[in-house]
Amino acid sequence: MTDPAVSADARLVHTGTRRQPGEPVVQPPVLASILVSAGQPGADDYGRGGNATWAALEQALGEIEAADAVVFSSGQAASMALMLALARGGDTILLPRDGYYNARVLADRLRPHGAAPVLVDMQDLAAVETALAGPPGGAVLWAETPTNPLLRVADLAALGRLAADAAAPMIVDNTVATGLLQQPLDLGAVASLCSLTKSASGHSDVILGAVMTRDAALAEDLRSWRTLGGGIAGPVETWLAIRGLKTLPLRIERQSATALALAGHLAAHPRVHTVHYPGVRTGTLAIARAQMPRGFGPLLSFELDGTAADADAVIAAARLIVPATSFGGVDSTWERRGRWAGETAPESLIRLSVGIEPAEDLIADIDQALGRP
Ligand SMILES: *Cc1c(COP(=O)(O)O)cnc(C)c1O
């Protein structure tokens, strides 16, 4: 369904509906590695080239960001294809110093085949401008906002202008906000990257990723990297993602409202010394409101007044919130980020992914887990 008179949220609900008598109302998973050939060899003959289930998911994702979507087997497979497509030998790839750890590691591993990673603070526009002007070859600006796990907000419109002035493609890792809350392609990005593993699928049951772009040549190139590299999505995973995506507006609006309430509650708690959430951080609140008009997302983090062991004890004391990594699921989860090797987050930082449980239940659980100061 692509009726432009109908809202993107409504179109999302009807993803895969064929409206033909006798056809299934929803897209079923197509479990076939080969299809009956039309005679000419084509992408549709063999399952590495395409699958009707991905096509329906790509259509749904395309509705959200008014773009062409290319689905991959994970967010990292999507990142790798983007880096290989855009960051060529001799180029520089500017990554946020506090962004997703595995993006930095991947860029570094791809150095012999791709670009040289350079870490910058994306809130420091002068530093970004200098870094973009620096390299003799080309540059790629790999932004992320809000960042994982510090939830720092970068000004996408300003970064987009700097990238355009430097003729550098801007990519935005939009995993935390999703296209529902933030539209990077309207703010100068050539590609919007999303790990569908998180909020987009939303039920902690799939690993998937996608790139959204309005650049037809880039979409084609990404599909070619996907077919040749084989980082394809499975039909069952994509079917689950379609199912999850239909309720993304409901989930993320509720999660954002609850996260904002919890951020306020935590900020007033005597055992908490800093809360990181776009909706309460005063320095970037105006930017966050402008580029995330529907909410600030399900993810927040806070620093405990205490040691790593104190934070571990709080996490273990929860009765409702699950000790687990990742984020964006219907079930609230939390973890001490510093337990991961290579993570630069403060030792006592707890990252909380707010689910769809009632806010009062989560507040009660947090209070009992934090205990008395
Ligand atoms: C999880 C995540 C990724 C990687 O996605 P996978 O699906 O785990 O491969 C990329 N960026 C961000 C911000 C993430 O949180």
# chains A, B, ... in the order shown; residues from 1 in each chain; ligands from 1
>>> residues_near_ligand(ligand="ligand 1", cutoff="10 Å", atoms="only C-alpha atoms and all ligand atoms", output="mmCIF file with N, CA, C and O atoms, in the first residue's frame")
data_model
loop_
_atom_site.group_PDB
_atom_site.id
_atom_site.type_symbol
_atom_site.label_atom_id
_atom_site.label_comp_id
_atom_site.auth_asym_id
_atom_site.auth_seq_id
_atom_site.Cartn_x
_atom_site.Cartn_y
_atom_site.Cartn_z
ATOM 1 N N PHE A 72 19.711 -6.096 5.565
ATOM 2 C CA PHE A 72 20.879 -6.977 5.724
ATOM 3 C C PHE A 72 20.666 -7.919 6.911
ATOM 4 O O PHE A 72 19.764 -7.721 7.722
ATOM 5 N N SER A 73 21.578 -8.892 7.021
ATOM 6 C CA SER A 73 21.462 -9.895 8.079
ATOM 7 C C SER A 73 21.693 -9.339 9.481
ATOM 8 O O SER A 73 21.371 -9.986 10.471
ATOM 9 N N SER A 74 22.282 -8.145 9.577
ATOM 10 C CA SER A 74 22.483 -7.498 10.881
ATOM 11 C C SER A 74 22.803 -6.027 10.638
ATOM 12 O O SER A 74 23.101 -5.633 9.495
ATOM 13 N N GLY A 75 22.788 -5.255 11.706
ATOM 14 C CA GLY A 75 23.191 -3.861 11.593
ATOM 15 C C GLY A 75 24.650 -3.763 11.151
ATOM 16 O O GLY A 75 25.016 -2.912 10.336
ATOM 17 N N GLN A 76 25.478 -4.660 11.671
ATOM 18 C CA GLN A 76 26.900 -4.630 11.309
ATOM 19 C C GLN A 76 27.113 -4.991 9.829
ATOM 20 O O GLN A 76 27.982 -4.414 9.182
ATOM 21 N N ALA A 77 26.319 -5.931 9.299
ATOM 22 C CA ALA A 77 26.436 -6.254 7.866
ATOM 23 C C ALA A 77 26.039 -5.040 7.034
ATOM 24 O O ALA A 77 26.657 -4.754 5.991
ATOM 25 N N ALA A 78 25.032 -4.306 7.507
ATOM 26 C CA ALA A 78 24.615 -3.083 6.810
ATOM 27 C C ALA A 78 25.740 -2.039 6.875
ATOM 28 O O ALA A 78 26.063 -1.385 5.873
ATOM 29 N N SER A 79 26.363 -1.908 8.055
ATOM 30 C CA SER A 79 27.469 -0.947 8.213
ATOM 31 C C SER A 79 28.637 -1.322 7.307
ATOM 32 O O SER A 79 29.252 -0.458 6.678
ATOM 33 N N MET A 80 28.943 -2.625 7.248
ATOM 34 C CA MET A 80 30.086 -3.054 6.434
ATOM 35 C C MET A 80 29.828 -2.730 4.964
ATOM 36 O O MET A 80 30.709 -2.222 4.275
ATOM 37 N N GLY A 99 30.523 7.062 19.912
ATOM 38 C CA GLY A 99 29.464 6.317 19.242
ATOM 39 C C GLY A 99 29.564 4.823 19.462
ATOM 40 O O GLY A 99 30.366 4.329 20.275
ATOM 41 N N TYR A 100 28.752 4.082 18.713
ATOM 42 C CA TYR A 100 28.669 2.634 18.848
ATOM 43 C C TYR A 100 30.050 2.004 18.650
ATOM 44 O O TYR A 100 30.667 2.139 17.603
ATOM 45 N N TYR A 101 30.501 1.301 19.657
ATOM 46 C CA TYR A 101 31.864 0.760 19.705
ATOM 47 C C TYR A 101 32.200 -0.089 18.480
ATOM 48 O O TYR A 101 33.262 0.054 17.866
ATOM 49 N N ASN A 102 31.282 -0.981 18.077
ATOM 50 C CA ASN A 102 31.598 -1.902 16.986
ATOM 51 C C ASN A 102 31.719 -1.220 15.626
ATOM 52 O O ASN A 102 32.325 -1.777 14.712
ATOM 53 N N ALA A 103 31.151 -0.017 15.484
ATOM 54 C CA ALA A 103 31.333 0.723 14.225
ATOM 55 C C ALA A 103 32.795 1.164 14.120
ATOM 56 O O ALA A 103 33.414 1.083 13.052
ATOM 57 N N GLU A 144 26.150 9.707 14.451
ATOM 58 C CA GLU A 144 25.245 8.850 15.226
ATOM 59 C C GLU A 144 24.592 9.755 16.253
ATOM 60 O O GLU A 144 25.276 10.481 16.961
ATOM 61 N N THR A 145 23.271 9.731 16.309
ATOM 62 C CA THR A 145 22.583 10.547 17.305
ATOM 63 C C THR A 145 21.184 10.016 17.555
ATOM 64 O O THR A 145 20.510 9.680 16.589
ATOM 65 N N PRO A 146 20.744 9.891 18.805
ATOM 66 C CA PRO A 146 21.566 9.991 20.005
ATOM 67 C C PRO A 146 22.579 8.847 20.022
ATOM 68 O O PRO A 146 22.303 7.778 19.494
ATOM 69 N N THR A 147 23.736 9.088 20.645
ATOM 70 C CA THR A 147 24.769 8.064 20.637
ATOM 71 C C THR A 147 24.455 6.967 21.653
ATOM 72 O O THR A 147 23.733 7.172 22.623
ATOM 73 N N ASN A 148 25.035 5.822 21.380
ATOM 74 C CA ASN A 148 24.904 4.658 22.246
ATOM 75 C C ASN A 148 26.279 4.439 22.898
ATOM 76 O O ASN A 148 27.233 4.197 22.162
ATOM 77 N N PRO A 149 26.437 4.518 24.206
ATOM 78 C CA PRO A 149 25.418 4.549 25.255
ATOM 79 C C PRO A 149 25.231 5.895 25.967
ATOM 80 O O PRO A 149 24.446 5.945 26.902
ATOM 81 N N VAL A 172 24.015 8.519 8.807
ATOM 82 C CA VAL A 172 23.597 8.646 10.207
ATOM 83 C C VAL A 172 23.157 7.289 10.718
ATOM 84 O O VAL A 172 22.283 6.643 10.130
ATOM 85 N N ASP A 173 23.797 6.848 11.790
ATOM 86 C CA ASP A 173 23.333 5.656 12.484
ATOM 87 C C ASP A 173 22.118 6.088 13.308
ATOM 88 O O ASP A 173 22.235 6.798 14.305
ATOM 89 N N ASN A 174 20.953 5.665 12.842
ATOM 90 C CA ASN A 174 19.669 6.121 13.388
ATOM 91 C C ASN A 174 19.025 5.042 14.262
ATOM 92 O O ASN A 174 17.827 5.041 14.480
ATOM 93 N N THR A 175 19.850 4.113 14.747
ATOM 94 C CA THR A 175 19.323 2.946 15.464
ATOM 95 C C THR A 175 18.547 3.322 16.722
ATOM 96 O O THR A 175 17.485 2.772 16.998
ATOM 97 N N VAL A 176 19.065 4.264 17.500
ATOM 98 C CA VAL A 176 18.428 4.593 18.778
ATOM 99 C C VAL A 176 17.069 5.267 18.555
ATOM 100 O O VAL A 176 16.085 4.934 19.211
ATOM 101 N N ALA A 177 16.998 6.194 17.598
ATOM 102 C CA ALA A 177 15.746 6.926 17.376
ATOM 103 C C ALA A 177 14.788 6.179 16.448
ATOM 104 O O ALA A 177 13.578 6.239 16.630
ATOM 105 N N LEU A 193 21.179 4.528 8.645
ATOM 106 C CA LEU A 193 21.470 3.146 9.013
ATOM 107 C C LEU A 193 20.655 2.778 10.246
ATOM 108 O O LEU A 193 20.538 3.589 11.167
ATOM 109 N N CYS A 194 20.078 1.591 10.252
ATOM 110 C CA CYS A 194 19.308 1.182 11.426
ATOM 111 C C CYS A 194 19.556 -0.289 11.728
ATOM 112 O O CYS A 194 19.389 -1.149 10.853
ATOM 113 N N SER A 195 19.967 -0.582 12.965
ATOM 114 C CA SER A 195 19.983 -1.976 13.409
ATOM 115 C C SER A 195 18.540 -2.315 13.773
ATOM 116 O O SER A 195 18.009 -1.806 14.758
ATOM 117 N N LEU A 196 17.929 -3.170 12.986
ATOM 118 C CA LEU A 196 16.531 -3.552 13.244
ATOM 119 C C LEU A 196 16.420 -4.480 14.438
ATOM 120 O O LEU A 196 15.330 -4.769 14.921
ATOM 121 N N THR A 197 17.577 -4.946 14.914
ATOM 122 C CA THR A 197 17.634 -5.787 16.100
ATOM 123 C C THR A 197 17.010 -5.079 17.310
ATOM 124 O O THR A 197 16.500 -5.721 18.215
ATOM 125 N N LYS A 198 17.079 -3.758 17.310
ATOM 126 C CA LYS A 198 16.669 -2.967 18.474
ATOM 127 C C LYS A 198 15.190 -2.583 18.340
ATOM 128 O O LYS A 198 14.368 -3.453 18.115
ATOM 129 N N SER A 199 14.877 -1.290 18.466
ATOM 130 C CA SER A 199 13.466 -0.878 18.527
ATOM 131 C C SER A 199 12.656 -1.242 17.298
ATOM 132 O O SER A 199 11.460 -1.522 17.405
ATOM 133 N N VAL A 206 15.105 -10.976 16.926
ATOM 134 C CA VAL A 206 15.793 -11.071 15.632
ATOM 135 C C VAL A 206 17.064 -10.224 15.629
ATOM 136 O O VAL A 206 17.182 -9.271 16.391
ATOM 137 N N ILE A 207 17.991 -10.608 14.758
ATOM 138 C CA ILE A 207 19.160 -9.769 14.448
ATOM 139 C C ILE A 207 19.007 -9.398 12.975
ATOM 140 O O ILE A 207 18.939 -10.293 12.116
ATOM 141 N N LEU A 208 18.921 -8.111 12.691
ATOM 142 C CA LEU A 208 18.746 -7.617 11.315
ATOM 143 C C LEU A 208 19.214 -6.171 11.242
ATOM 144 O O LEU A 208 19.256 -5.481 12.263
ATOM 145 N N GLY A 209 19.498 -5.722 10.027
ATOM 146 C CA GLY A 209 19.855 -4.316 9.853
ATOM 147 C C GLY A 209 19.362 -3.812 8.520
ATOM 148 O O GLY A 209 18.951 -4.608 7.667
ATOM 149 N N ALA A 210 19.387 -2.492 8.334
ATOM 150 C CA ALA A 210 18.936 -1.928 7.056
ATOM 151 C C ALA A 210 19.589 -0.579 6.809
ATOM 152 O O ALA A 210 19.974 0.120 7.755
ATOM 153 N N THR A 325 21.771 -7.151 27.599
ATOM 154 C CA THR A 325 22.275 -6.104 26.716
ATOM 155 C C THR A 325 21.228 -5.775 25.661
ATOM 156 O O THR A 325 20.089 -6.215 25.740
ATOM 157 N N SER A 326 21.622 -4.992 24.670
ATOM 158 C CA SER A 326 20.755 -4.548 23.573
ATOM 159 C C SER A 326 19.660 -3.633 24.123
ATOM 160 O O SER A 326 19.641 -3.305 25.318
ATOM 161 N N PHE A 327 18.760 -3.188 23.247
ATOM 162 C CA PHE A 327 17.727 -2.256 23.692
ATOM 163 C C PHE A 327 16.586 -2.206 22.674
ATOM 164 O O PHE A 327 16.686 -2.752 21.582
ATOM 165 N N GLY A 328 15.525 -1.542 23.075
ATOM 166 C CA GLY A 328 14.418 -1.303 22.147
ATOM 167 C C GLY A 328 13.331 -2.365 22.179
ATOM 168 O O GLY A 328 12.352 -2.263 21.447
#
>>> residues_around(residues="Asp108 in chain A", least_positions_apart="4", cutoff="12 Å", atoms="only C-alpha atoms", output="ChimeraX atom specification")
/A:80,83,87,92-95,101-104,112-119
>>> write_last_selection(atoms="C-alpha atoms", output="mmCIF file, in the first residue's frame")
data_model
loop_
_atom_site.group_PDB
_atom_site.id
_atom_site.type_symbol
_atom_site.label_atom_id
_atom_site.label_comp_id
_atom_site.auth_asym_id
_atom_site.auth_seq_id
_atom_site.Cartn_x
_atom_site.Cartn_y
_atom_site.Cartn_z
ATOM 1 C CA MET A 80 30.086 -3.054 6.434
ATOM 2 C CA MET A 83 31.678 1.402 4.528
ATOM 3 C CA ALA A 87 34.667 4.806 2.185
ATOM 4 C CA THR A 92 38.941 9.272 5.823
ATOM 5 C CA ILE A 93 35.900 8.127 7.755
ATOM 6 C CA LEU A 94 34.935 10.433 10.600
ATOM 7 C CA LEU A 95 33.241 8.582 13.430
ATOM 8 C CA TYR A 101 31.864 0.760 19.705
ATOM 9 C CA ASN A 102 31.598 -1.902 16.986
ATOM 10 C CA ALA A 103 31.333 0.723 14.225
ATOM 11 C CA ARG A 104 34.750 2.041 15.260
ATOM 12 C CA PRO A 112 43.227 -2.000 4.293
ATOM 13 C CA HIS A 113 40.109 -2.070 2.078
ATOM 14 C CA GLY A 114 38.408 1.140 3.038
ATOM 15 C CA ALA A 115 38.990 4.406 4.761
ATOM 16 C CA ALA A 116 41.142 5.520 7.647
ATOM 17 C CA PRO A 117 38.930 6.053 10.712
ATOM 18 C CA VAL A 118 39.285 9.347 12.555
ATOM 19 C CA LEU A 119 37.422 9.886 15.820
#
>>> residues_around(residues="Gly138 in chain A", least_positions_apart="3", cutoff="8 Å", atoms="only C-alpha atoms", output="VMD selection string")
chain A and resid 90 to 92 135 168
>>> closest_residue(among="A:Pro235, A:Leu222, A:Gln27, A:Leu84", to="Arg109 in chain A", atoms="only C-alpha atoms")
A:Leu84
>>> select_by_dssp(residues="range 58-156 of chain A", states="strand (DSSP E)", output="number ranges by chain")
A: 68-72, 92-96, 116-120, 139-144
>>> residues_around(residues="Ser348 in chain A", least_positions_apart="6", cutoff="10 Å", atoms="only C-alpha atoms", output="count of residues only")
16
>>> closest_residue(among="A:Ile64, A:Ala317, A:Leu228, A:Ala85", to="Asp9 in chain A", atoms="only C-alpha atoms")
A:Ile64
>>> select_by_dssp(residues="range 166-342 of chain A", states="helix (DSSP H, G or I)", output="number ranges by chain")
A: 178-181, 184-187, 216-229, 235-245, 248-267, 282-291, 308-317, 337-339
>>> residues_around(residues="range 358-370 of chain A", least_positions_apart="4", cutoff="9 Å", atoms="only C-alpha atoms", output="VMD selection string")
chain A and resid 257 to 259 261 to 262 265 to 266 269 271 311 313 to 321 332 354
>>> closest_residue(among="A:Ile242, A:Val71, A:Leu151, A:Ile287", to="Ala345 in chain A", atoms="only C-alpha atoms")
A:Leu151
>>> atom_distance(atom1="CA of Val13 in chain A", atom2="CA of Thr247 in chain A")
7.4 Å
>>> residues_around(residues="range 276-280 of chain A", least_positions_apart="3", cutoff="7 Å", atoms="only C-alpha atoms", output="list of chain:residue names")
A:Leu150, A:Leu151, A:Arg152, A:Val153, A:Leu260, A:Ala263, A:Leu285, A:Ala288, A:Phe296, A:Leu300, A:Ser301, A:Phe302
>>> closest_residue(among="A:Gly202, A:Gly234, A:Pro298, A:Gly283", to="Asn51 in chain A", atoms="only C-alpha atoms")
A:Gly234
>>> closest_residue(among="A:Leu61, A:Leu12, A:Leu180, A:Leu240", to="Pro293 in chain A", atoms="only C-alpha atoms")
A:Leu180
>>> atom_distance(atom1="CA of Ala81 in chain A", atom2="CA of Gly16 in chain A")
26.2 Å
>>> residues_around(residues="Leu125 in chain A", least_positions_apart="5", cutoff="10 Å", atoms="only C-alpha atoms", output="mmCIF file with all heavy atoms, in the first residue's frame")
data_model
loop_
_atom_site.group_PDB
_atom_site.id
_atom_site.type_symbol
_atom_site.label_atom_id
_atom_site.label_comp_id
_atom_site.auth_asym_id
_atom_site.auth_seq_id
_atom_site.Cartn_x
_atom_site.Cartn_y
_atom_site.Cartn_z
ATOM 1 N N VAL A 120 36.046 11.853 16.134
ATOM 2 C CA VAL A 120 35.797 13.262 16.466
ATOM 3 C C VAL A 120 34.604 13.346 17.419
ATOM 4 O O VAL A 120 33.823 12.403 17.536
ATOM 5 C CB VAL A 120 35.476 14.125 15.213
ATOM 6 C CG1 VAL A 120 36.715 14.456 14.427
ATOM 7 C CG2 VAL A 120 34.426 13.474 14.341
ATOM 8 N N THR A 130 37.134 20.981 10.578
ATOM 9 C CA THR A 130 38.587 20.835 10.389
ATOM 10 C C THR A 130 38.921 19.423 9.916
ATOM 11 O O THR A 130 39.707 19.247 8.982
ATOM 12 C CB THR A 130 39.320 21.102 11.729
ATOM 13 O OG1 THR A 130 38.893 22.368 12.216
ATOM 14 C CG2 THR A 130 40.821 21.103 11.561
ATOM 15 N N ALA A 131 38.300 18.434 10.539
ATOM 16 C CA ALA A 131 38.597 17.044 10.171
ATOM 17 C C ALA A 131 38.149 16.751 8.737
ATOM 18 O O ALA A 131 38.810 16.009 8.010
ATOM 19 C CB ALA A 131 37.907 16.094 11.152
ATOM 20 N N ALA A 154 23.716 15.044 18.417
ATOM 21 C CA ALA A 154 24.461 15.857 17.452
ATOM 22 C C ALA A 154 23.455 16.601 16.584
ATOM 23 O O ALA A 154 22.363 16.089 16.313
ATOM 24 C CB ALA A 154 25.349 14.966 16.595
ATOM 25 N N ASP A 155 23.818 17.782 16.149
ATOM 26 C CA ASP A 155 22.945 18.627 15.334
ATOM 27 C C ASP A 155 23.043 18.169 13.880
ATOM 28 O O ASP A 155 23.970 18.532 13.155
ATOM 29 C CB ASP A 155 23.398 20.083 15.502
ATOM 30 C CG ASP A 155 22.500 21.064 14.752
ATOM 31 O OD1 ASP A 155 21.775 20.629 13.830
ATOM 32 O OD2 ASP A 155 22.554 22.258 15.088
ATOM 33 N N ALA A 158 23.171 20.844 11.008
ATOM 34 C CA ALA A 158 24.479 21.534 10.946
ATOM 35 C C ALA A 158 25.546 20.604 10.375
ATOM 36 O O ALA A 158 26.349 21.012 9.521
ATOM 37 C CB ALA A 158 24.873 22.016 12.341
ATOM 38 N N LEU A 159 25.541 19.337 10.814
ATOM 39 C CA LEU A 159 26.516 18.370 10.279
ATOM 40 C C LEU A 159 26.279 18.150 8.786
ATOM 41 O O LEU A 159 27.226 18.030 8.000
ATOM 42 C CB LEU A 159 26.422 17.033 11.026
ATOM 43 C CG LEU A 159 26.933 17.015 12.467
ATOM 44 C CD1 LEU A 159 26.638 15.657 13.106
ATOM 45 C CD2 LEU A 159 28.435 17.315 12.544
ATOM 46 N N LEU A 162 27.873 20.949 6.863
ATOM 47 C CA LEU A 162 29.340 20.809 6.818
ATOM 48 C C LEU A 162 29.739 19.719 5.827
ATOM 49 O O LEU A 162 30.690 19.883 5.052
ATOM 50 C CB LEU A 162 29.901 20.462 8.201
ATOM 51 C CG LEU A 162 29.809 21.533 9.282
ATOM 52 C CD1 LEU A 162 30.431 21.019 10.583
ATOM 53 C CD2 LEU A 162 30.495 22.820 8.845
#
